[in-house]
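Colleague: You'll find run.txt just under this line, and it carries compact mmCIF, C-alpha atoms.
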```txt
# COMPACT_ATOMS: atom_id res chain seq x y z
CA MET A 994 -113.05 -135.95 136.42
CA THR A 995 -114.06 -134.73 139.87
CA THR A 996 -117.32 -135.57 141.63
CA ALA A 997 -118.20 -131.87 141.67
CA ALA A 998 -118.00 -131.75 137.89
CA VAL A 999 -120.41 -134.64 137.30
CA GLY A 1000 -122.54 -134.45 140.42
CA ALA A 1001 -122.85 -136.62 143.52
CA PRO A 1002 -123.78 -140.30 143.12
CA GLY A 1003 -127.53 -140.63 142.71
CA SER A 1004 -128.00 -136.99 141.76
CA ALA A 1005 -129.86 -135.78 138.68
CA ARG A 1006 -126.65 -134.14 137.46
CA ARG A 1007 -124.75 -137.45 137.62
CA TYR A 1008 -127.62 -139.18 135.81
CA LEU A 1009 -127.68 -136.62 132.99
CA HIS A 1010 -123.91 -136.73 132.67
CA SER A 1011 -123.96 -140.52 132.37
CA LEU A 1012 -126.87 -140.35 129.93
CA TRP A 1013 -124.92 -138.03 127.66
CA LEU A 1014 -121.79 -140.19 127.85
CA LEU A 1015 -123.70 -143.34 126.89
CA SER A 1016 -125.63 -141.60 124.10
CA SER A 1017 -122.52 -140.00 122.61
CA ARG A 1018 -120.79 -143.39 122.79
CA ASP A 1019 -123.63 -144.91 120.77
CA LEU A 1020 -123.29 -142.21 118.13
CA ARG A 1021 -119.50 -142.59 117.90
CA VAL A 1022 -119.69 -146.37 117.62
CA ARG A 1023 -122.42 -146.19 115.00
CA TYR A 1024 -120.45 -143.92 112.68
CA ALA A 1025 -116.86 -144.88 113.57
CA THR A 1026 -116.46 -147.25 110.59
CA SER A 1027 -118.80 -145.40 108.23
CA ALA A 1028 -117.42 -143.25 105.44
CA LEU A 1029 -120.73 -141.45 104.99
CA GLY A 1030 -121.24 -140.91 108.73
CA TYR A 1031 -124.05 -138.42 109.36
CA LEU A 1032 -125.54 -138.98 105.90
CA TRP A 1033 -126.73 -142.43 106.95
CA SER A 1034 -129.14 -140.81 109.43
CA VAL A 1035 -131.02 -139.17 106.55
CA LEU A 1036 -130.33 -141.52 103.65
CA ASP A 1037 -132.88 -144.15 104.68
CA PRO A 1038 -135.89 -141.81 105.04
CA LEU A 1039 -134.89 -139.90 101.90
CA VAL A 1040 -134.71 -143.08 99.81
CA MET A 1041 -138.06 -144.21 101.22
CA SER A 1042 -139.56 -140.79 100.45
CA VAL A 1043 -138.37 -140.90 96.84
CA ILE A 1044 -139.73 -144.44 96.39
CA TYR A 1045 -143.17 -143.57 97.77
CA TRP A 1046 -143.23 -140.32 95.82
CA PHE A 1047 -142.45 -142.19 92.60
CA VAL A 1048 -145.03 -144.92 93.24
CA PHE A 1049 -147.86 -142.61 94.25
CA THR A 1050 -147.25 -139.79 91.76
CA GLN A 1051 -145.61 -141.39 88.73
CA VAL A 1052 -146.91 -144.96 88.71
CA PHE A 1053 -150.31 -144.56 90.41
CA GLN A 1054 -152.55 -141.55 90.78
CA ARG A 1055 -152.72 -140.81 94.49
CA GLY A 1056 -155.74 -138.54 94.08
CA ASP A 1057 -156.28 -136.32 97.12
CA ILE A 1058 -154.02 -138.30 99.46
CA GLY A 1059 -151.47 -136.15 101.25
CA ALA A 1060 -150.66 -132.56 100.29
CA GLN A 1061 -148.46 -130.69 97.86
CA PRO A 1062 -145.51 -130.73 97.60
CA TYR A 1063 -145.96 -134.44 98.26
CA ILE A 1064 -142.25 -135.24 98.62
CA VAL A 1065 -142.04 -132.77 101.53
CA PHE A 1066 -145.24 -134.22 102.99
CA LEU A 1067 -143.62 -137.67 102.94
CA ILE A 1068 -140.35 -136.52 104.50
CA CYS A 1069 -142.26 -134.79 107.33
CA GLY A 1070 -143.68 -138.19 108.27
CA LEU A 1071 -140.77 -140.46 107.47
CA LEU A 1072 -138.09 -138.61 109.46
CA PRO A 1073 -139.89 -138.92 112.83
CA TRP A 1074 -140.99 -142.45 111.89
CA VAL A 1075 -137.35 -143.53 111.44
CA TRP A 1076 -136.61 -142.12 114.92
CA PHE A 1077 -139.58 -144.00 116.39
CA ASN A 1078 -138.96 -147.26 114.54
CA SER A 1079 -135.21 -147.43 115.21
CA ALA A 1080 -135.65 -146.55 118.90
CA VAL A 1081 -138.37 -149.16 119.54
CA THR A 1082 -136.32 -151.77 117.67
CA ASP A 1083 -133.31 -151.02 119.90
CA PHE A 1084 -135.50 -151.17 123.02
CA THR A 1085 -135.88 -154.91 122.45
CA ARG A 1086 -132.12 -155.34 123.12
CA ALA A 1087 -131.58 -152.41 125.49
CA PHE A 1088 -130.63 -154.58 128.47
CA SER A 1089 -129.33 -157.76 126.86
CA LYS A 1090 -126.82 -155.84 124.71
CA ASP A 1091 -125.02 -154.42 127.77
CA ALA A 1092 -126.08 -157.00 130.36
CA ARG A 1093 -122.86 -156.83 132.39
CA LEU A 1094 -123.02 -153.04 132.72
CA VAL A 1095 -126.73 -153.13 133.52
CA ARG A 1096 -126.09 -155.56 136.39
CA SER A 1097 -123.07 -153.79 137.82
CA THR A 1098 -123.88 -150.10 137.45
CA ALA A 1099 -125.31 -148.06 140.31
CA ILE A 1100 -127.05 -145.69 137.88
CA PRO A 1101 -130.85 -146.12 137.57
CA ARG A 1102 -131.49 -148.75 134.89
CA SER A 1103 -133.90 -146.48 133.05
CA ILE A 1104 -130.80 -144.83 131.59
CA TRP A 1105 -130.43 -147.77 129.18
CA VAL A 1106 -133.77 -146.83 127.67
CA ASN A 1107 -133.26 -143.09 127.76
CA ARG A 1108 -129.85 -143.29 126.05
CA ILE A 1109 -131.53 -144.86 123.03
CA VAL A 1110 -134.19 -142.15 122.91
CA LEU A 1111 -131.54 -139.45 123.16
CA SER A 1112 -129.06 -140.84 120.61
CA LYS A 1113 -131.79 -141.55 118.06
CA GLY A 1114 -133.33 -138.15 118.80
CA VAL A 1115 -130.02 -136.41 118.09
CA GLU A 1116 -129.91 -138.17 114.71
CA PHE A 1117 -133.45 -136.95 114.02
CA LEU A 1118 -132.58 -133.36 114.88
CA PHE A 1119 -129.55 -133.54 112.58
CA SER A 1120 -131.86 -134.62 109.76
CA LEU A 1121 -134.14 -131.55 110.03
CA PRO A 1122 -131.88 -129.34 107.84
CA VAL A 1123 -132.45 -131.83 105.02
CA LEU A 1124 -136.21 -131.39 105.44
CA ALA A 1125 -135.76 -127.62 105.39
CA ALA A 1126 -133.70 -127.84 102.19
CA PHE A 1127 -136.34 -129.96 100.45
CA ALA A 1128 -139.09 -127.59 101.63
CA VAL A 1129 -137.29 -124.58 100.17
CA PHE A 1130 -136.44 -126.38 96.93
CA ALA A 1131 -140.03 -127.65 96.49
CA GLY A 1132 -141.58 -124.27 97.27
CA ALA A 1133 -143.36 -125.21 100.50
CA THR A 1134 -144.52 -122.26 102.61
CA ALA A 1135 -143.68 -122.15 106.31
CA GLY A 1136 -146.33 -120.99 108.78
CA TRP A 1137 -147.02 -120.44 112.47
CA GLY A 1138 -147.19 -124.20 112.99
CA LEU A 1139 -143.39 -124.39 113.04
CA LEU A 1140 -143.61 -123.04 116.59
CA LEU A 1141 -145.18 -126.34 117.59
CA LEU A 1142 -142.25 -128.41 116.32
CA PRO A 1143 -140.63 -128.53 119.80
CA VAL A 1144 -143.96 -129.76 121.19
CA ALA A 1145 -143.97 -132.60 118.66
CA VAL A 1146 -140.40 -133.54 119.61
CA LEU A 1147 -141.25 -133.42 123.34
CA LEU A 1148 -144.35 -135.60 122.90
CA GLN A 1149 -142.38 -138.13 120.86
CA VAL A 1150 -139.74 -138.27 123.61
CA VAL A 1151 -142.46 -138.85 126.21
CA LEU A 1152 -144.04 -141.60 124.09
CA LEU A 1153 -140.72 -143.31 123.36
CA VAL A 1154 -139.55 -143.26 126.98
CA GLY A 1155 -142.87 -144.80 128.04
CA LEU A 1156 -142.68 -147.49 125.37
CA GLY A 1157 -139.03 -148.17 126.19
CA LEU A 1158 -139.80 -148.71 129.86
CA LEU A 1159 -142.42 -151.25 128.76
CA VAL A 1160 -140.67 -153.00 125.87
CA ALA A 1161 -137.13 -153.29 127.26
CA PRO A 1162 -137.91 -155.30 130.44
CA LEU A 1163 -140.64 -157.38 128.80
CA CYS A 1164 -138.26 -158.47 126.02
CA VAL A 1165 -135.77 -159.70 128.63
CA LEU A 1166 -138.43 -161.80 130.36
CA TRP A 1167 -140.10 -163.04 127.17
CA GLY A 1168 -137.64 -163.39 124.29
CA ASP A 1169 -140.32 -163.91 121.62
CA LEU A 1170 -141.46 -160.31 122.13
CA GLU A 1171 -138.44 -159.08 120.18
CA ARG A 1172 -139.72 -160.66 116.96
CA THR A 1173 -143.29 -159.72 117.82
CA THR A 1174 -142.30 -156.08 118.25
CA ARG A 1175 -140.75 -156.04 114.77
CA LEU A 1176 -143.95 -157.41 113.25
CA ILE A 1177 -146.04 -154.83 115.11
CA LEU A 1178 -143.78 -152.04 113.82
CA ARG A 1179 -144.30 -153.18 110.24
CA ALA A 1180 -148.06 -153.06 110.66
CA LEU A 1181 -147.90 -149.77 112.56
CA PHE A 1182 -146.11 -148.10 109.64
CA TYR A 1183 -149.23 -148.46 107.48
CA ALA A 1184 -151.54 -147.62 110.39
CA THR A 1185 -149.73 -144.31 110.93
CA PRO A 1186 -150.40 -141.24 108.73
CA ILE A 1187 -147.07 -141.16 106.91
CA VAL A 1188 -147.93 -141.59 103.22
CA TYR A 1189 -151.38 -140.12 103.92
CA GLY A 1190 -152.97 -137.67 106.34
CA VAL A 1191 -155.59 -138.38 109.01
CA ALA A 1192 -158.16 -136.40 107.03
CA ASP A 1193 -157.62 -138.64 104.00
CA LEU A 1194 -159.09 -141.67 105.77
CA PRO A 1195 -162.78 -142.49 105.24
CA GLY A 1196 -165.40 -142.94 107.94
CA VAL A 1197 -164.54 -145.16 110.88
CA PHE A 1198 -160.91 -145.52 109.81
CA ARG A 1199 -160.36 -141.84 110.57
CA ASP A 1200 -161.77 -142.32 114.07
CA LEU A 1201 -159.54 -145.34 114.62
CA ALA A 1202 -156.46 -143.48 113.35
CA VAL A 1203 -156.93 -140.82 116.01
CA LEU A 1204 -156.34 -143.53 118.64
CA ASN A 1205 -152.79 -143.92 117.36
CA PRO A 1206 -150.69 -141.43 119.38
CA LEU A 1207 -148.32 -141.04 116.44
CA ALA A 1208 -151.18 -139.54 114.40
CA GLY A 1209 -151.35 -136.49 116.65
CA ILE A 1210 -147.58 -136.19 116.95
CA PHE A 1211 -147.05 -136.38 113.19
CA THR A 1212 -149.80 -133.79 112.74
CA LEU A 1213 -147.72 -131.39 114.84
CA TYR A 1214 -144.67 -132.09 112.70
CA ARG A 1215 -146.58 -131.26 109.52
CA ILE A 1216 -148.66 -128.22 110.31
CA GLY A 1217 -145.67 -125.89 110.05
CA LEU A 1218 -145.63 -126.56 106.29
CA PHE A 1219 -149.16 -127.95 105.82
CA PRO A 1220 -151.54 -126.02 108.11
CA GLN A 1221 -154.55 -127.79 106.56
CA GLU A 1222 -153.38 -130.99 108.29
CA TRP A 1223 -154.30 -129.61 111.73
CA ASP A 1224 -156.51 -132.10 113.59
CA ALA A 1225 -157.35 -131.08 117.17
CA PRO A 1226 -158.79 -134.48 118.27
CA ALA A 1227 -155.72 -136.34 116.98
CA VAL A 1228 -153.32 -133.97 118.74
CA THR A 1229 -155.28 -134.07 122.01
CA VAL A 1230 -155.56 -137.86 122.02
CA GLY A 1231 -151.91 -138.21 121.00
CA ALA A 1232 -150.72 -136.02 123.87
CA ALA A 1233 -152.95 -137.78 126.42
CA MET A 1234 -151.93 -141.25 125.26
CA SER A 1235 -148.23 -140.36 125.26
CA VAL A 1236 -148.40 -139.20 128.87
CA GLY A 1237 -150.54 -142.23 129.79
CA ILE A 1238 -148.07 -144.66 128.21
CA LEU A 1239 -145.22 -142.96 130.08
CA LEU A 1240 -147.01 -143.38 133.42
CA VAL A 1241 -147.80 -147.04 132.69
CA GLY A 1242 -144.21 -147.59 131.57
CA ILE A 1243 -142.81 -146.16 134.81
CA LEU A 1244 -145.11 -148.37 136.89
CA VAL A 1245 -144.35 -151.55 134.91
CA PHE A 1246 -140.60 -150.86 134.89
CA ARG A 1247 -140.48 -150.45 138.66
CA ARG A 1248 -142.31 -153.74 139.16
CA LEU A 1249 -140.20 -155.72 136.70
CA GLU A 1250 -136.74 -154.27 137.36
CA SER A 1251 -135.71 -156.85 139.97
CA ALA A 1252 -136.94 -159.73 137.78
CA VAL A 1253 -135.01 -158.36 134.83
CA LEU A 1254 -131.78 -158.18 136.85
CA LYS A 1255 -132.20 -161.80 137.92
CA GLU A 1256 -132.80 -162.87 134.31
CA LEU A 1257 -129.70 -161.04 133.06
```
Once you've parsed the file, please lay out its structure as structure tokens.
Modeller:
Amino acid sequence: MTTAAVGAPGSARRYLHSLWLLSSRDLRVRYATSALGYLWSVLDPLVMSVIYWFVFTQVFQRGDIGAQPYIVFLICGLLPWVWFNSAVTDFTRAFSKDARLVRSTAIPRSIWVNRIVLSKGVEFLFSLPVLAAFAVFAGATAGWGLLLLPVAVLLQVVLLVGLGLLVAPLCVLWGDLERTTRLILRALFYATPIVYGVADLPGVFRDLAVLNPLAGIFTLYRIGLFPQEWDAPAVTVGAAMSVGILLVGILVFRRLESAVLKEL
């Protein structure tokens, strides 16, 4: 392939071309030996949704938690959570997994973070038709909030890139952070409005939930089908924190990049 086709070394075009090649490689490798292929990207959140739906509607009375249809409410939260959780988990091994390439490549090392965000994001986008099918089957009504779905995706990308630029280098320098990150993700699942909405939380817990940037992002995912879930403070704080984390991530990554290369 000619240089003109992929861009000059160091150019944005070359970077984007390399990013797509690495991300598509990840997707091919992930599904190369899988008979179900694409279905695995939606099977996990769907199984989780069915389990939580059964527990909170058939075994226990959930009361006013969430919104109807509850199975659609759950899927709206679980699909982006799977994207977030799987991406952050992979960030912990972003550099160590391909250490030789990271050391030898002339491409900016941030690409090893961004390829994870992109490949996991593609899986998320491929899962959206399943959400649409469940929404139609369950009788959910779509509203103007669907126009904000791209905003939710963009904010999640911004948040994930920022977290990746923080987590990936720190996990190389301090190996224990990989296990710590997994524990934090487990706790964060219950601290994020997935099986419940921000408005369902009482008193001070609602104020604390707003400080979780995922609360605002997940609100944007839901309001297309559940307009009553709109929460302006959560969305505002979520957007501001996502951008803030990205800026901090860029600063930390630039300072730690040389140390990471020496460690690898």
Colleague: Give me, please, the distance in Å between CA of Phe1088 in chain A and CA of Ala1161 in chain A, quoted to one decimal.
Modeller: 6.7 Å
Colleague: Report as a PyMOL selection string all protein, DNA and RNA residues lying within 10 Å of Glu1250 in chain A, evaluated on all atoms listed in the file, omitting residues in the same chain fewer than 4 positions from it.
Modeller: chain A and resi 1102-1103+1158+1162-1163+1245-1246+1254-1256
Colleague: Pick from A:Ala1145, A:Ala1252, A:Ile1216, A:Cys1164: nearest to Ser1235 in chain A, with all atoms listed in the file counted?
Modeller: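 Closest candidate: A:Ala1145.
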Colleague: Which neighbours of Pro1206 in chain A fall inside 7 Å, counting all atoms listed in the file, when residues of the same chain fewer than 2 positions from it are skipped, and could you give them as a list in words?
Modeller: Leu1204, Ala1208, Gly1209, Ile1210, Val1230, Gly1231, Met1234 and Ser1235 of chain A
Colleague: Work out how far apart CA of Val1154 in chain A and CA of Pro1186 in chain A are and give it in Å to one decimal.
Modeller: 21.3 Å
Colleague: Could you give me, as a PyMOL selection string, the residues within 12 Å of Leu1239 in chain A, counting only C-alpha atoms and dropping anything in the same chain fewer than 2 positions from it?
Modeller: chain A and resi 1148-1160+1232-1237+1241-1246
Colleague: Please, what is the axis-aligned box for every listed atom of range 1084-1095 of chain A with 4 Å on each side, as centre and edge lengths in Å to one decimal, as lines of an AutoDock Vina configuration file?
Modeller:
```
center_x = -129.4
center_y = -154.5
center_z = 128.0
size_x = 21.0
size_y = 14.6
size_z = 19.1
```
Colleague: Rounded to one decimal place, report the CA of Ala1184 in chain A-CA of Asp1037 in chain A distance in Å.
Modeller: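 Separation of CA of Ala1184 in chain A and CA of Asp1037 in chain A: 19.8 Å.
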Colleague: Could you give me, as number ranges by chain, the residues that have an atom at most 8 Å away from the point (-156.1, -138.8, 111.3) in the coordinates of the file, using only C-alpha atoms?
Modeller: A: 1186, 1190-1194, 1199-1200, 1202-1203, 1208-1209, 1224, 1227
Colleague: Which residue, A:Ser1017, A:Thr1085, A:Gln1061, A:Thr1212, has the smallest gap to Ala1128 in chain A when you use only C-alpha atoms?
Modeller: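 With only C-alpha atoms as the atom set, the closest residue is A:Gln1061.
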Colleague: In terms of the shortest atom-to-atom distance over all atoms listed in the file, which of A:Leu1218, A:Leu1178, A:Leu1032, A:Leu1124 is closest to Gly1136 in chain A?
Modeller: A:Leu1218
